[in-house]
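Student: Take a look at coords-v6.txt, compact mmCIF, C-alpha atoms:
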```txt
# COMPACT_ATOMS: atom_id res chain seq x y z
CA MET N 1 23.85 -12.35 26.78
CA LEU N 2 21.88 -10.95 23.85
CA THR N 3 18.13 -10.62 24.39
CA ILE N 4 15.42 -9.15 22.15
CA THR N 5 13.11 -7.14 24.37
CA GLU N 6 10.40 -5.54 22.22
CA SER N 7 8.91 -7.69 19.47
CA ARG N 8 6.31 -10.02 20.95
CA ASN N 9 3.08 -8.02 20.81
CA VAL N 10 0.79 -7.57 17.84
CA ALA N 11 2.38 -4.74 15.89
CA VAL N 12 0.37 -1.80 14.56
CA PRO N 13 2.55 -0.15 11.87
CA TYR N 14 0.60 3.09 11.57
CA ILE N 15 0.02 6.23 13.59
CA PRO N 16 -2.47 6.33 16.51
CA ALA N 17 -4.88 8.64 14.64
CA VAL N 18 -5.26 6.05 11.88
CA LYS N 19 -5.75 3.30 14.47
CA ASN N 20 -8.50 5.27 16.21
CA TYR N 21 -10.23 6.00 12.91
CA LEU N 22 -10.17 2.37 11.78
CA GLU N 23 -11.40 1.10 15.14
CA ALA N 24 -14.39 3.49 15.01
CA GLY N 25 -15.70 1.61 11.97
CA ALA N 26 -18.59 2.77 9.81
CA SER N 27 -19.61 5.51 12.24
CA ALA N 28 -16.27 7.31 11.92
CA ASN N 29 -16.10 10.77 10.42
CA VAL N 30 -12.52 10.82 9.21
CA SER N 31 -12.17 14.59 9.62
CA ASP N 32 -12.59 14.17 13.37
CA TYR N 33 -9.30 12.29 13.62
CA GLY N 34 -6.93 14.93 12.32
CA GLY N 35 -4.45 14.87 9.49
CA ALA N 36 -0.77 13.97 9.21
CA ASN N 37 2.05 13.93 6.69
CA ASN N 38 2.32 10.15 6.63
CA GLN N 39 0.17 7.28 7.83
CA TYR N 40 2.90 4.75 8.63
CA ARG N 41 4.84 4.21 11.85
CA GLY N 42 7.83 1.95 12.46
CA VAL N 43 7.65 -1.22 14.52
CA LYS N 44 10.39 -0.99 17.14
CA ILE N 45 12.74 -3.90 17.79
CA SER N 46 14.96 -3.51 20.88
CA TRP N 47 17.63 -5.74 22.36
CA GLN N 48 19.96 -5.83 25.34
CA CYS N 49 23.57 -6.98 25.18
CA ASP N 50 26.10 -7.24 28.01
CA LEU N 51 29.03 -8.20 25.80
CA ASP N 52 32.12 -5.98 25.49
CA LYS N 53 33.66 -4.83 22.22
CA VAL N 54 30.60 -5.32 20.02
CA ALA N 55 31.33 -3.52 16.74
CA TYR N 56 27.89 -3.76 15.17
CA TYR N 57 24.64 -5.73 14.98
CA THR N 58 22.63 -7.11 12.13
CA VAL N 59 18.85 -7.36 12.30
CA GLU N 60 17.19 -9.87 10.00
CA TYR N 61 13.43 -10.08 9.65
CA ALA N 62 11.62 -12.63 7.55
CA THR N 63 8.23 -14.22 6.94
CA LYS N 64 9.86 -17.67 6.70
CA ALA N 65 11.29 -19.44 9.73
CA ASP N 66 14.46 -20.37 7.81
CA TYR N 67 15.08 -16.68 6.96
CA THR N 68 15.38 -17.40 3.24
CA ASP N 69 13.31 -14.29 2.46
CA ALA N 70 14.93 -12.10 5.12
CA LEU N 71 15.69 -8.44 4.81
CA CYS N 72 18.77 -7.40 6.77
CA GLU N 73 19.81 -4.09 8.29
CA ARG N 74 23.07 -3.17 10.00
CA VAL N 75 23.07 -1.20 13.27
CA THR N 76 26.28 0.30 14.69
CA GLU N 77 25.39 2.78 17.43
CA ASN N 78 22.02 1.70 18.88
CA THR N 79 20.36 -1.34 20.39
CA SER N 80 17.05 -0.77 18.65
CA LEU N 81 15.69 -0.50 15.13
CA GLU N 82 12.38 0.54 13.57
CA LEU N 83 11.03 -1.78 10.90
CA PHE N 84 8.83 -0.39 8.12
CA ASN N 85 6.68 -1.77 5.33
CA LEU N 86 5.82 -5.02 7.10
CA TYR N 87 3.09 -7.14 5.52
CA LYS N 88 -0.22 -7.05 7.39
CA ALA N 89 -1.57 -10.08 9.29
CA THR N 90 1.84 -11.74 9.12
CA ILE N 91 4.16 -13.46 11.59
CA TYR N 92 7.75 -12.23 11.31
CA TYR N 93 10.85 -14.03 12.51
CA VAL N 94 13.44 -11.65 13.91
CA ARG N 95 17.13 -12.44 14.45
CA VAL N 96 19.70 -10.09 15.97
CA THR N 97 23.39 -10.94 15.67
CA ALA N 98 26.25 -9.20 17.51
CA TYR N 99 29.60 -8.97 15.71
CA GLY N 100 33.12 -8.06 16.79
CA THR N 101 35.57 -5.80 15.00
CA ASN N 102 36.82 -8.67 12.84
CA ASP N 103 33.27 -9.68 11.85
CA GLU N 104 33.30 -12.60 14.28
CA VAL N 105 29.89 -13.58 15.69
CA PHE N 106 29.67 -12.83 19.41
CA ALA N 107 26.06 -13.78 20.07
CA GLN N 108 22.68 -14.22 18.45
CA ALA N 109 19.06 -13.98 19.60
CA GLU N 110 15.71 -14.66 17.93
CA SER N 111 12.09 -13.71 18.49
CA THR N 112 8.84 -13.22 16.57
CA LEU N 113 6.26 -10.52 16.02
CA GLU N 114 2.84 -10.47 14.41
CA THR N 115 1.33 -7.56 12.50
CA THR N 116 -2.27 -6.43 12.78
CA ASP N 117 -4.98 -7.51 10.36
CA VAL N 118 -6.78 -4.17 10.63
CA GLY N 119 -6.37 -1.60 7.87
CA PRO N 120 -4.06 -1.55 4.86
CA ARG N 121 -0.33 -2.02 4.63
CA PHE N 122 1.12 1.49 4.63
CA MET N 123 4.43 2.00 2.86
CA LYS N 124 7.40 4.23 3.64
CA VAL N 125 9.13 5.11 0.37
CA ASP N 126 11.67 7.91 0.54
CA GLY N 127 10.49 11.13 -1.10
CA ILE N 128 6.84 10.22 -1.81
CA TYR N 129 3.59 10.12 0.17
CA ASN N 130 0.27 8.35 0.68
CA VAL N 131 1.66 5.00 -0.45
CA ARG N 132 -0.10 1.79 0.47
CA ASP N 133 -0.46 -1.79 -0.66
CA LEU N 134 -3.82 -2.62 -2.21
CA GLY N 135 -3.56 -6.27 -1.14
CA GLY N 136 -4.09 -7.96 2.19
CA TYR N 137 -7.88 -7.66 2.51
CA ILE N 138 -10.24 -10.55 3.18
CA THR N 139 -12.89 -10.85 0.47
CA GLN N 140 -16.51 -11.87 0.94
CA ASP N 141 -15.66 -15.47 -0.01
CA GLY N 142 -12.92 -15.69 2.60
CA LYS N 143 -9.87 -15.22 0.36
CA ARG N 144 -7.07 -12.80 1.24
CA THR N 145 -5.83 -10.64 -1.63
CA VAL N 146 -2.12 -10.82 -2.41
CA GLN N 147 0.20 -8.26 -0.87
CA GLY N 148 3.23 -6.84 -2.60
CA ILE N 149 2.01 -6.76 -6.20
CA LEU N 150 -0.18 -3.65 -6.52
CA TYR N 151 0.40 -0.29 -4.86
CA ARG N 152 -1.36 3.07 -4.88
CA GLY N 153 0.17 6.40 -3.93
CA GLY N 154 1.12 9.94 -4.80
CA SER N 155 3.22 11.22 -7.68
CA LEU N 156 6.87 10.24 -7.96
CA THR N 157 7.97 13.57 -9.42
CA PRO N 158 7.37 17.23 -8.46
CA ALA N 159 3.96 18.66 -9.32
CA ASP N 160 1.76 21.52 -8.15
CA ILE N 161 2.47 22.69 -4.59
CA PHE N 162 3.35 19.29 -3.15
CA PRO N 163 6.91 18.28 -2.14
CA HIS N 164 6.80 14.75 -3.54
CA ASN N 165 9.95 13.69 -5.39
CA LEU N 166 11.22 10.12 -5.32
CA THR N 167 14.78 10.12 -3.99
CA ASP N 168 17.65 7.90 -5.10
CA VAL N 169 17.04 5.77 -1.99
CA GLY N 170 13.35 5.52 -2.93
CA LYS N 171 14.19 4.56 -6.51
CA VAL N 172 16.39 1.70 -5.37
CA TYR N 173 13.75 0.52 -2.90
CA MET N 174 10.98 0.52 -5.50
CA ARG N 175 13.19 -1.37 -7.94
CA ASP N 176 14.92 -3.88 -5.66
CA VAL N 177 12.47 -4.49 -2.81
CA MET N 178 9.03 -3.65 -4.23
CA GLY N 179 10.12 -4.90 -7.66
CA ILE N 180 7.93 -2.45 -9.59
CA LYS N 181 7.66 -3.38 -13.26
CA THR N 182 4.91 -0.95 -14.31
CA GLU N 183 4.16 2.62 -13.28
CA ILE N 184 0.64 3.70 -14.24
CA ASP N 185 0.10 7.47 -14.21
CA PHE N 186 -3.55 8.52 -14.32
CA ARG N 187 -2.70 12.04 -15.48
CA SER N 188 -1.94 13.30 -18.96
CA ILE N 189 1.68 13.58 -20.06
CA ALA N 190 1.35 17.36 -20.00
CA GLU N 191 -0.06 17.41 -16.45
CA ALA N 192 2.77 15.11 -15.36
CA GLY N 193 5.39 17.52 -16.66
CA GLY N 194 6.22 15.71 -19.86
CA HIS N 195 7.99 12.74 -18.28
CA VAL N 196 8.31 9.82 -20.70
CA VAL N 197 10.57 7.60 -18.58
CA SER N 198 9.70 6.27 -15.14
CA PRO N 199 11.96 7.42 -12.29
CA ILE N 200 11.81 3.81 -11.06
CA PRO N 201 14.79 2.15 -12.75
CA GLY N 202 13.69 -0.45 -15.26
CA ALA N 203 9.94 0.19 -14.86
CA ASN N 204 7.63 0.75 -17.81
CA LEU N 205 5.75 4.08 -17.61
CA VAL N 206 2.18 3.97 -18.92
CA TYR N 207 -0.16 6.97 -19.07
CA ILE N 208 -3.87 6.23 -18.76
CA THR N 209 -5.67 9.55 -18.40
CA ILE N 210 -8.77 9.15 -16.26
CA GLY N 211 -11.14 11.32 -14.25
CA GLY N 212 -12.26 10.61 -10.71
CA TYR N 213 -15.61 9.66 -9.19
CA ALA N 214 -18.59 9.77 -11.60
CA ASP N 215 -16.22 10.47 -14.51
CA ALA N 216 -15.61 6.72 -14.50
CA PHE N 217 -19.06 6.33 -16.05
CA GLY N 218 -18.75 9.13 -18.57
CA GLY N 219 -16.10 10.25 -21.01
CA TYR N 220 -13.34 8.34 -19.25
CA ALA N 221 -15.03 4.93 -19.38
CA GLN N 222 -12.69 3.63 -22.08
CA ALA N 223 -9.67 4.79 -20.10
CA TYR N 224 -10.93 2.75 -17.15
CA LYS N 225 -11.30 -0.21 -19.50
CA GLU N 226 -7.66 0.23 -20.53
CA PHE N 227 -6.61 0.33 -16.89
CA PHE N 228 -8.49 -2.80 -15.88
CA SER N 229 -7.27 -4.60 -19.00
CA MET N 230 -3.71 -3.91 -17.83
CA LEU N 231 -4.56 -5.41 -14.45
CA ALA N 232 -5.63 -8.61 -16.23
CA VAL N 233 -2.07 -9.27 -17.47
CA LYS N 234 0.12 -10.92 -14.84
CA GLU N 235 3.35 -9.87 -16.55
CA ASN N 236 2.60 -6.21 -15.74
CA TYR N 237 2.97 -6.79 -11.99
CA PRO N 238 4.14 -5.50 -9.55
CA ILE N 239 2.40 -2.22 -10.39
CA TYR N 240 2.55 1.25 -8.83
CA MET N 241 -0.42 3.45 -9.80
CA HIS N 242 -0.90 7.12 -9.02
CA CYS N 243 -2.16 10.51 -10.08
CA THR N 244 -0.88 13.62 -8.27
CA GLY N 245 -1.87 12.84 -4.70
CA GLY N 246 -3.13 9.30 -5.13
CA ALA N 247 -6.43 10.57 -3.79
CA ASP N 248 -9.26 11.14 -6.30
CA ARG N 249 -8.48 9.42 -9.60
CA THR N 250 -6.36 6.80 -7.85
CA GLY N 251 -8.97 6.56 -5.10
CA THR N 252 -11.76 5.87 -7.58
CA ALA N 253 -9.76 3.20 -9.43
CA SER N 254 -8.79 1.58 -6.11
CA PHE N 255 -12.38 1.56 -4.85
CA LEU N 256 -13.59 -0.14 -8.02
CA LEU N 257 -10.80 -2.71 -7.91
CA ASN N 258 -11.29 -3.62 -4.25
CA ALA N 259 -15.05 -3.84 -4.76
CA LEU N 260 -14.52 -6.13 -7.75
CA LEU N 261 -12.40 -8.43 -5.58
CA GLY N 262 -15.12 -8.66 -2.93
CA VAL N 263 -13.57 -6.42 -0.29
CA SER N 264 -16.20 -5.05 2.09
CA GLU N 265 -17.66 -1.64 1.31
CA LEU N 266 -16.47 -0.35 4.69
CA GLU N 267 -12.87 -1.20 3.84
CA CYS N 268 -13.25 0.25 0.33
CA VAL N 269 -14.43 3.51 1.90
CA GLN N 270 -11.66 3.45 4.51
CA ASP N 271 -9.02 2.90 1.85
CA TYR N 272 -10.33 6.00 0.07
CA GLU N 273 -10.57 8.13 3.22
CA LEU N 274 -7.11 7.21 4.54
CA THR N 275 -5.59 9.78 2.19
CA THR N 276 -6.75 12.21 4.89
CA PHE N 277 -3.71 11.20 6.93
CA SER N 278 -1.23 12.47 4.36
CA ILE N 279 -0.01 15.75 2.88
CA TYR N 280 -2.86 15.66 0.37
CA ASN N 281 -5.60 16.69 2.82
CA ALA N 282 -8.96 15.21 3.78
CA ARG N 283 -11.02 12.90 1.62
CA ASN N 284 -14.31 12.47 3.43
CA THR N 285 -17.40 10.57 2.23
CA LYS N 286 -19.68 12.13 4.88
CA ARG N 287 -19.03 15.86 4.76
CA GLY N 288 -16.88 18.47 3.09
CA PRO N 289 -16.11 19.24 -0.56
CA TYR N 290 -15.43 15.66 -1.63
CA ALA N 291 -18.51 14.06 -0.07
CA LYS N 292 -20.76 15.11 -2.96
CA TYR N 293 -18.29 13.71 -5.51
CA TYR N 294 -18.23 10.39 -3.67
CA GLN N 295 -22.00 10.24 -3.21
CA ASP N 296 -22.61 10.95 -6.91
CA PHE N 297 -20.17 8.16 -7.76
CA ARG N 298 -21.89 5.64 -5.46
CA GLU N 299 -25.36 6.59 -6.69
CA LYS N 300 -24.29 6.03 -10.28
CA LEU N 301 -22.65 2.72 -9.40
CA ASP N 302 -25.87 1.59 -7.73
CA THR N 303 -27.71 1.87 -11.04
CA TYR N 304 -25.81 -1.15 -12.36
CA ALA N 305 -27.24 -4.66 -12.13
CA GLY N 306 -26.38 -6.80 -9.14
CA ASP N 307 -27.34 -7.51 -5.56
CA THR N 308 -23.88 -6.78 -4.14
CA LEU N 309 -21.29 -4.09 -4.65
CA GLN N 310 -19.04 -6.66 -6.30
CA GLU N 311 -21.74 -7.64 -8.80
CA LYS N 312 -22.46 -4.00 -9.64
CA VAL N 313 -18.78 -3.36 -10.41
CA GLU N 314 -18.71 -6.49 -12.59
CA SER N 315 -21.73 -5.16 -14.51
CA TYR N 316 -20.02 -1.80 -14.95
CA LEU N 317 -16.80 -3.40 -16.23
CA ALA N 318 -18.74 -5.58 -18.66
CA GLU N 319 -20.56 -2.51 -19.99
CA ILE N 320 -17.33 -0.63 -20.70
CA GLY N 321 -15.95 -3.62 -22.60
CA LEU N 322 -14.00 -5.84 -20.24
CA THR N 323 -14.30 -9.52 -21.10
CA GLU N 324 -15.29 -12.19 -18.63
CA THR N 325 -11.81 -13.67 -18.97
CA GLU N 326 -10.18 -10.34 -18.08
CA ILE N 327 -12.37 -9.98 -15.01
CA ASP N 328 -11.55 -13.54 -13.94
CA ASN N 329 -7.84 -12.94 -14.52
CA ILE N 330 -7.82 -9.83 -12.31
CA LYS N 331 -9.47 -11.79 -9.50
CA ALA N 332 -7.09 -14.71 -9.92
CA ILE N 333 -3.96 -12.54 -9.95
CA MET N 334 -5.02 -10.58 -6.88
CA ARG N 335 -5.92 -13.80 -5.04
CA GLY N 336 -2.75 -15.63 -5.96
CA GLU N 337 -4.57 -18.18 -8.11
CA LYS N 338 -4.05 -19.43 -11.66
```
Kindly present the structure from the file in structure tokens form.
Tutor:
Amino acid sequence: MLTITESRNVAVPYIPAVKNYLEAGASANVSDYGGANNQYRGVKISWQCDLDKVAYYTVEYATKADYTDALCERVTENTSLELFNLYKATIYYVRVTAYGTNDEVFAQAESTLETTDVGPRFMKVDGIYNVRDLGGYITQDGKRTVQGILYRGGSLTPADIFPHNLTDVGKVYMRDVMGIKTEIDFRSIAEAGGHVVSPIPGANLVYITIGGYADAFGGYAQAYKEFFSMLAVKENYPIYMHCTGGADRTGTASFLLNALLGVSELECVQDYELTTFSIYNARNTKRGPYAKYYQDFREKLDTYAGDTLQEKVESYLAEIGLTETEIDNIKAIMRGEK
């Protein structure tokens, strides 16, 4: 008998502090929920097996019932496994197979799990921090943005006092599973340590030096135009974008993008503040040293024409030189449309 025992509830793939913060909604003061090194948490799959002489198990998990898109992991000493980097708001099909010493199949069991729709998709990538998928949100017109094509996060290489450094395991994962084609670094080449080749094998490294917050409306406006123009080209995806901590410059670019797509302002703010639950320290829109930066940014954005946050961002992008076609292309790509 082989039975999967823990996989049927709605899975929450992030730490309890993040869950409590997200559930508190607009009233939440993120600094009240504490910090952490990483936001993600594994989803545990357990099974029971009363067969003798089992040499190992394989665990397959897929979003398709026929397992054609399955990822597979081998387990030799345990009867449980933690799954990471699951898509949000998704039903997964899980299959555990027991094998003998000669690779013969002893038994097989299947089950399903569903991931939560609340919050972003946090990513575990070996050696780096504060990584999350920018897709998966419901827009104001009822569309869900595409997951797995655009990621934000911290630096891939050592910088300042932070211990980030993409490992060989992380490099393979970003190449083979995430499929990153383009790495966008929002720092200057000098600030990034002079790297001219992406540590992600096969990825194209592009430097677009921007400033955070209200700098988007000042001397860095043309750099933001360059960034959004890159987002309008489907061949550039999947993309990983970052600065040092993926907090301020990356946070500003992410806020503007999500707002352009019609993501609610609450979720745009939460996506910015969730950096708090990483090694890069608190980013708070209500109090503390970053609140004034954020408030200045929002006040400036409010001066642009439009009745909604989305319309104001569209007006801003048009002013800095983005064409209507580019804006439409970004929306189409992130919504999985032509």
Student: Find the residues near Ala192 (chain N): any atom within 10 Å, counting all atoms listed in the file, skip ones fewer than 3 places away on the same chain, and give them as an mmCIF file with C-alpha atoms, keeping the file's coordinate frame.
Tutor:
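Output saved as around-v7.cif:
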```cif
data_model
loop_
_atom_site.group_PDB
_atom_site.id
_atom_site.type_symbol
_atom_site.label_atom_id
_atom_site.label_comp_id
_atom_site.auth_asym_id
_atom_site.auth_seq_id
_atom_site.Cartn_x
_atom_site.Cartn_y
_atom_site.Cartn_z
ATOM 1 C CA SER N 155 3.220 11.220 -7.680
ATOM 2 C CA LEU N 156 6.870 10.240 -7.960
ATOM 3 C CA THR N 157 7.970 13.570 -9.420
ATOM 4 C CA PRO N 158 7.370 17.230 -8.460
ATOM 5 C CA ALA N 159 3.960 18.660 -9.320
ATOM 6 C CA ASP N 160 1.760 21.520 -8.150
ATOM 7 C CA ASP N 185 0.100 7.470 -14.210
ATOM 8 C CA PHE N 186 -3.550 8.520 -14.320
ATOM 9 C CA ARG N 187 -2.700 12.040 -15.480
ATOM 10 C CA SER N 188 -1.940 13.300 -18.960
ATOM 11 C CA ILE N 189 1.680 13.580 -20.060
ATOM 12 C CA HIS N 195 7.990 12.740 -18.280
ATOM 13 C CA VAL N 196 8.310 9.820 -20.700
ATOM 14 C CA TYR N 207 -0.160 6.970 -19.070
ATOM 15 C CA CYS N 243 -2.160 10.510 -10.080
ATOM 16 C CA THR N 244 -0.880 13.620 -8.270
#
```
Student: Rank N:Tyr67, N:Tyr151, N:Thr303, N:Val197 by their smallest atom-to-atom distance to Phe217 (chain N), using only C-alpha atoms, and report the top residue only.
Tutor: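 Under the stated criterion, the closest residue is N:Thr303.
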Student: Using all atoms listed in the file, which residue out of N:Tyr93, N:Glu73, N:Gly34, N:Gln270 lies closest to Tyr61 (chain N)?
Tutor: N:Tyr93
Student: Record the distance separating CA of Gly218 (chain N) and CA of Ser264 (chain N), expressed in Å with one decimal.
Tutor: 25.2 Å
Student: What does the distance between CA of Asp126 (chain N) and CA of Tyr240 (chain N) come to in Å, to one decimal place?
Tutor: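 Calculated distance between CA of Asp126 (chain N) and CA of Tyr240 (chain N) is 14.7 Å.
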Student: When distances are computed from all atoms listed in the file, which of N:Thr139, N:Thr145, N:Thr325, N:Asn284 shows the smallest separation from Gln310 (chain N)?
Tutor: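 Closest to Gln310 (chain N), using all atoms listed in the file: N:Thr139.
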Student: Mind checking which residues fall within 12 Å of Arg175 (chain N), counting only C-alpha atoms, ignoring those fewer than 3 positions away in the same chain, and posting them as a list in words?
Tutor: Val125, Leu166, Asp168, Val169, Gly170, Lys171, Val172, Met178, Gly179, Ile180, Lys181, Thr182, Glu183, Ser198, Pro199, Ile200, Pro201, Gly202, Ala203, Asn204, Pro238, Ile239 and Tyr240 of chain N
